[in-house]
>>> print(open('run38.pdb').read())   # PDB, C-alpha atoms
ATOM      1  CA  MET M   1       4.228  38.641 -15.556
ATOM      2  CA  ALA M   2       5.714  38.333 -12.048
ATOM      3  CA  ARG M   3       9.480  38.036 -11.547
ATOM      4  CA  HIS M   4      11.040  35.623  -9.148
ATOM      5  CA  THR M   5      12.542  37.333  -6.130
ATOM      6  CA  ARG M   6      15.373  34.803  -5.956
ATOM      7  CA  SER M   7      18.041  34.797  -8.608
ATOM      8  CA  VAL M   8      18.664  31.661 -10.634
ATOM      9  CA  ASN M   9      22.435  32.074 -10.178
ATOM     10  CA  ALA M  10      22.102  32.063  -6.386
ATOM     11  CA  SER M  11      20.480  28.628  -6.454
ATOM     12  CA  ARG M  12      23.401  27.278  -8.499
ATOM     13  CA  LEU M  13      25.977  28.959  -6.314
ATOM     14  CA  ALA M  14      24.667  27.617  -2.984
ATOM     15  CA  PRO M  15      25.826  23.975  -3.470
ATOM     16  CA  LEU M  16      29.226  25.216  -4.616
ATOM     17  CA  MET M  17      29.601  27.319  -1.456
ATOM     18  CA  VAL M  18      28.598  24.341   0.716
ATOM     19  CA  LEU M  19      31.206  22.202  -1.057
ATOM     20  CA  LEU M  20      33.942  24.804  -0.542
ATOM     21  CA  LEU M  21      33.081  25.149   3.146
ATOM     22  CA  ALA M  22      33.145  21.363   3.553
ATOM     23  CA  LEU M  23      36.546  21.090   1.873
ATOM     24  CA  SER M  24      38.093  24.064   3.700
ATOM     25  CA  GLY M  25      39.337  21.794   6.465
ATOM     26  CA  CYS M  26      41.192  19.509   4.064
ATOM     27  CA  GLY M  27      44.953  19.647   4.196
ATOM     28  CA  TRP M  28      45.392  19.907   0.441
ATOM     29  CA  ILE M  29      43.418  23.149   0.210
ATOM     30  CA  THR M  30      45.141  24.786   3.186
ATOM     31  CA  ASP M  31      48.566  23.679   1.883
ATOM     32  CA  THR M  32      47.829  24.959  -1.612
ATOM     33  CA  LEU M  33      46.009  28.167  -0.779
ATOM     34  CA  GLY M  34      47.549  28.861   2.642
ATOM     35  CA  PRO M  35      50.703  30.826   3.401
ATOM     36  CA  ASP M  36      54.115  29.479   2.471
ATOM     37  CA  PRO M  37      56.139  27.713   5.165
ATOM     38  CA  VAL M  38      58.613  29.840   7.107
ATOM     39  CA  GLN M  39      62.131  28.608   7.880
ATOM     40  CA  ARG M  40      63.137  29.390  11.477
ATOM     41  CA  GLY M  41      66.464  28.953  13.198
ATOM     42  CA  ASN M  42      69.851  27.916  11.859
ATOM     43  CA  ARG M  43      69.316  24.949   9.535
ATOM     44  CA  VAL M  44      72.425  22.796   9.193
ATOM     45  CA  ASP M  45      73.183  21.530   5.709
ATOM     46  CA  PRO M  46      73.770  17.731   5.851
ATOM     47  CA  GLU M  47      76.785  18.051   3.524
ATOM     48  CA  LYS M  48      78.453  20.546   5.864
ATOM     49  CA  LEU M  49      77.575  18.431   8.895
ATOM     50  CA  ALA M  50      79.309  15.440   7.274
ATOM     51  CA  GLN M  51      82.535  17.493   7.095
ATOM     52  CA  ILE M  52      82.794  17.658  10.899
ATOM     53  CA  THR M  53      85.051  14.931  12.249
ATOM     54  CA  PRO M  54      85.222  14.328  16.011
ATOM     55  CA  GLY M  55      88.732  14.737  17.361
ATOM     56  CA  VAL M  56      89.822  17.018  14.478
ATOM     57  CA  GLN M  57      87.803  20.251  14.288
ATOM     58  CA  THR M  58      87.707  22.916  16.981
ATOM     59  CA  ARG M  59      85.001  25.363  18.048
ATOM     60  CA  SER M  60      86.237  27.999  15.616
ATOM     61  CA  ASP M  61      86.215  25.455  12.751
ATOM     62  CA  VAL M  62      82.624  24.464  13.527
ATOM     63  CA  GLU M  63      81.501  28.081  13.782
ATOM     64  CA  ALA M  64      83.191  28.927  10.463
ATOM     65  CA  LEU M  65      81.515  25.938   8.787
ATOM     66  CA  LEU M  66      77.996  26.003  10.307
ATOM     67  CA  GLY M  67      77.674  29.507  11.726
ATOM     68  CA  SER M  68      76.938  30.433  15.308
ATOM     69  CA  PRO M  69      74.746  27.970  17.222
ATOM     70  CA  SER M  70      71.114  28.612  18.110
ATOM     71  CA  ALA M  71      71.790  27.704  21.746
ATOM     72  CA  ARG M  72      74.723  26.764  23.945
ATOM     73  CA  GLY M  73      74.868  24.573  27.021
ATOM     74  CA  THR M  74      73.189  26.087  30.049
ATOM     75  CA  PHE M  75      75.987  25.451  32.529
ATOM     76  CA  ASP M  76      78.986  25.132  30.226
ATOM     77  CA  GLU M  77      80.150  25.971  26.710
ATOM     78  CA  ASP M  78      80.824  22.315  25.864
ATOM     79  CA  ASN M  79      77.539  21.707  23.998
ATOM     80  CA  TRP M  80      76.258  23.620  20.983
ATOM     81  CA  TYR M  81      72.776  23.185  19.542
ATOM     82  CA  TYR M  82      71.678  24.092  16.030
ATOM     83  CA  ILE M  83      67.875  24.243  16.159
ATOM     84  CA  SER M  84      65.692  24.762  13.106
ATOM     85  CA  ALA M  85      62.074  24.252  12.184
ATOM     86  CA  GLN M  86      59.829  24.840   9.239
ATOM     87  CA  THR M  87      56.499  26.280  10.366
ATOM     88  CA  ARG M  88      53.250  27.109   8.658
ATOM     89  CA  LEU M  89      50.416  29.262   9.970
ATOM     90  CA  GLN M  90      47.179  27.393   9.404
ATOM     91  CA  PRO M  91      43.952  29.417   9.189
ATOM     92  CA  GLY M  92      42.045  29.108  12.449
ATOM     93  CA  ARG M  93      44.758  26.930  13.989
ATOM     94  CA  TYR M  94      47.963  27.247  15.924
ATOM     95  CA  LEU M  95      51.382  27.517  14.325
ATOM     96  CA  MET M  96      52.107  24.088  12.866
ATOM     97  CA  VAL M  97      55.668  22.741  12.940
ATOM     98  CA  GLU M  98      56.293  20.694   9.810
ATOM     99  CA  ASP M  99      59.973  19.843  10.013
ATOM    100  CA  ARG M 100      62.032  20.218  13.191
ATOM    101  CA  ARG M 101      65.727  19.453  13.302
ATOM    102  CA  VAL M 102      68.140  19.681  16.247
ATOM    103  CA  VAL M 103      71.850  19.006  15.819
ATOM    104  CA  ALA M 104      73.944  18.710  19.003
ATOM    105  CA  ILE M 105      77.711  19.119  18.856
ATOM    106  CA  SER M 106      79.794  18.297  21.935
ATOM    107  CA  PHE M 107      83.279  19.591  22.674
ATOM    108  CA  ASN M 108      85.901  18.392  25.124
ATOM    109  CA  ARG M 109      87.709  20.701  27.573
ATOM    110  CA  GLN M 110      90.300  21.622  24.935
ATOM    111  CA  GLY M 111      87.576  22.840  22.542
ATOM    112  CA  VAL M 112      87.843  19.938  20.076
ATOM    113  CA  VAL M 113      84.701  18.232  18.760
ATOM    114  CA  SER M 114      83.972  15.058  20.740
ATOM    115  CA  GLY M 115      80.586  14.137  19.264
ATOM    116  CA  VAL M 116      77.989  15.061  16.667
ATOM    117  CA  ARG M 117      74.435  13.800  16.814
ATOM    118  CA  GLU M 118      71.032  14.663  15.500
ATOM    119  CA  LEU M 119      68.244  14.699  18.077
ATOM    120  CA  GLY M 120      64.747  13.548  17.185
ATOM    121  CA  ASP M 121      61.352  13.533  18.869
ATOM    122  CA  ALA M 122      62.258  10.356  20.788
ATOM    123  CA  ASP M 123      65.140  12.208  22.507
ATOM    124  CA  GLY M 124      62.815  14.815  24.014
ATOM    125  CA  ARG M 125      61.061  14.508  27.353
ATOM    126  CA  PRO M 126      57.483  15.546  28.074
ATOM    127  CA  VAL M 127      57.236  18.481  30.450
ATOM    128  CA  GLN M 128      54.259  18.875  32.753
ATOM    129  CA  MET M 129      53.034  22.434  33.195
ATOM    130  CA  VAL M 130      52.552  23.642  36.754
ATOM    131  CA  SER M 131      49.337  25.551  37.338
ATOM    132  CA  ARG M 132      50.442  27.153  40.611
ATOM    133  CA  GLU M 133      51.116  30.863  40.789
ATOM    134  CA  THR M 134      53.792  32.442  42.903
ATOM    135  CA  PRO M 135      52.130  34.685  45.489
ATOM    136  CA  VAL M 136      53.222  38.308  45.396
ATOM    137  CA  PRO M 137      52.577  40.275  48.581
ATOM    138  CA  GLY M 138      50.621  43.493  48.286
ATOM    139  CA  ASN M 139      48.583  42.653  45.206
ATOM    140  CA  GLU M 140      45.453  41.351  46.905
ATOM    141  CA  ARG M 141      42.896  44.087  46.230
ATOM    142  CA  SER M 142      39.194  43.886  46.757
ATOM    143  CA  LEU M 143      36.703  44.937  44.090
ATOM    144  CA  LEU M 144      36.042  48.260  45.828
ATOM    145  CA  GLN M 145      39.783  48.998  46.107
ATOM    146  CA  ALA M 146      40.212  48.291  42.410
ATOM    147  CA  LEU M 147      37.313  50.569  41.479
ATOM    148  CA  PHE M 148      38.005  53.466  43.851
ATOM    149  CA  GLY M 149      41.726  53.009  44.568
ATOM    150  CA  ASN M 150      42.879  56.246  42.882
ATOM    151  CA  LEU M 151      40.426  58.562  44.680
ATOM    152  CA  GLY M 152      42.212  61.024  46.906
ATOM    153  CA  ARG M 153      45.700  60.369  45.543
ATOM    154  CA  PRO M 154      47.765  63.441  44.716
ATOM    155  CA  GLY M 155      48.154  64.205  41.024
ATOM    156  CA  MET M 156      44.781  62.751  40.145
ATOM    157  CA  GLY M 157      41.903  64.979  39.137
ATOM    158  CA  GLY M 158      42.096  68.758  38.667
ATOM    159  CA  ALA M 159      45.075  69.553  40.847
ATOM    160  CA  PRO M 160      46.700  72.861  39.896
ATOM    161  CA  GLY M 161      50.080  72.659  38.241
ATOM    162  CA  PRO M 162      51.924  73.306  35.005
ATOM    163  CA  GLY M 163      51.405  69.762  33.685
ATOM    164  CA  ASN M 164      47.631  69.889  33.985
ATOM    165  CA  PRO M 165      46.039  70.635  30.549
ATOM    166  CA  ALA M 166      42.980  72.138  32.282
ATOM    167  CA  ASN M 167      45.192  75.008  33.476
ATOM    168  CA  ALA M 168      46.590  75.736  30.019
ATOM    169  CA  GLY M 169      43.812  78.219  29.262
ATOM    170  CA  GLY M 170      41.901  77.436  26.147
ATOM    171  CA  ARG M 171      41.376  74.261  24.220
ATOM    172  CA  TYR M 172      43.817  71.419  24.162
TER     173      TYR M 172
END
>>> encode(input="run38.pdb", output="structure tokens")
Amino acid sequence: MARHTRSVNASRLAPLMVLLLALSGCGWITDTLGPDPVQRGNRVDPEKLAQITPGVQTRSDVEALLGSPSARGTFDEDNWYYISAQTRLQPGRYLMVEDRRVVAISFNRQGVVSGVRELGDADGRPVQMVSRETPVPGNERSLLQALFGNLGRPGMGGAPGPGNPANAGGRY
């Protein structure tokens, strides 16, 4: 009696594998089986944020309540930003940002809070990337210079000296 070369279990397993491959792109599977989300930045608790009253608290009060800011104003110390995001690494994809939160706190010249606001996606501006490169003089090398550029330079090859392992006598 001749045996089948193909296993019976393999024929039952093939449709299951096709189904799993088809469902691997679904969000539910990647959320359930994928890595846990990672909290990044300094997340401000809404209860603590509600305790900040403009015109009353100072910089030291805000720092004691919320911690040090993620970023400060570029040209002055009058704006503090608390930036946080929850990210998840998706298999075969880029880092996905699930929950981004930016809290901006403004101070007047005396260091007293003048405004508190939460910035959303509508407050951001799109930035166009520039594809130009800044030219750097002296880096234009031809293919032959790149291939044979080190020939004839001192210190290359079997030059005698104490640092050359070929002169150490024996194996190295």
>>> resolve_selection(input="run38.pdb", expression="the PyMOL selection byres ((chain M and resi 50) around 12)", output="list of chain:residue names")
M:Val44, M:Asp45, M:Pro46, M:Glu47, M:Lys48, M:Leu49, M:Gln51, M:Ile52, M:Thr53, M:Pro54, M:Val62, M:Leu65, M:Leu66, M:Val103, M:Val116, M:Arg117, M:Glu118
>>> closest_residue(input="run38.pdb", among="M:Thr134, M:Gln39, M:Ser70, M:Asn79", to="Val112 of chain M", atoms="only C-alpha atoms")
M:Asn79
>>> atom_distance(input="run38.pdb", atom1="atom CA of Ser68 of chain M", atom2="atom CA of Ala85 of chain M")
16.4 Å
>>> resolve_selection(input="run38.pdb", expression="the PyMOL selection byres ((chain M and resi 71) around 7)", output="list in words")
Pro69, Ser70, Arg72, Gly73, Trp80, Tyr81 and Tyr82 of chain M
>>> closest_residue(input="run38.pdb", among="M:Asp78, M:Asn108, M:Glu140, M:Asp121", to="Gly55 of chain M", atoms="all atoms listed in the file")
M:Asn108
>>> atom_distance(input="run38.pdb", atom1="atom CA of Thr87 of chain M", atom2="atom CA of Gly124 of chain M")
18.9 Å
>>> atom_distance(input="run38.pdb", atom1="atom CA of Arg100 of chain M", atom2="atom CA of Arg125 of chain M")
15.3 Å
>>> closest_residue(input="run38.pdb", among="M:Gln90, M:Thr58, M:Gln128, M:Ser142", to="Arg109 of chain M", atoms="only C-alpha atoms")
M:Thr58
>>> closest_residue(input="run38.pdb", among="M:Val127, M:Ala64, M:Val38, M:Leu144", to="Asp99 of chain M", atoms="all atoms listed in the file")
M:Val38
>>> closest_residue(input="run38.pdb", among="M:Ser60, M:Ser114, M:Thr74, M:Gln86", to="Arg43 of chain M", atoms="only C-alpha atoms")
M:Gln86
>>> closest_residue(input="run38.pdb", among="M:Pro137, M:Pro35, M:Gly41, M:Pro154", to="Arg101 of chain M", atoms="all atoms listed in the file")
M:Gly41
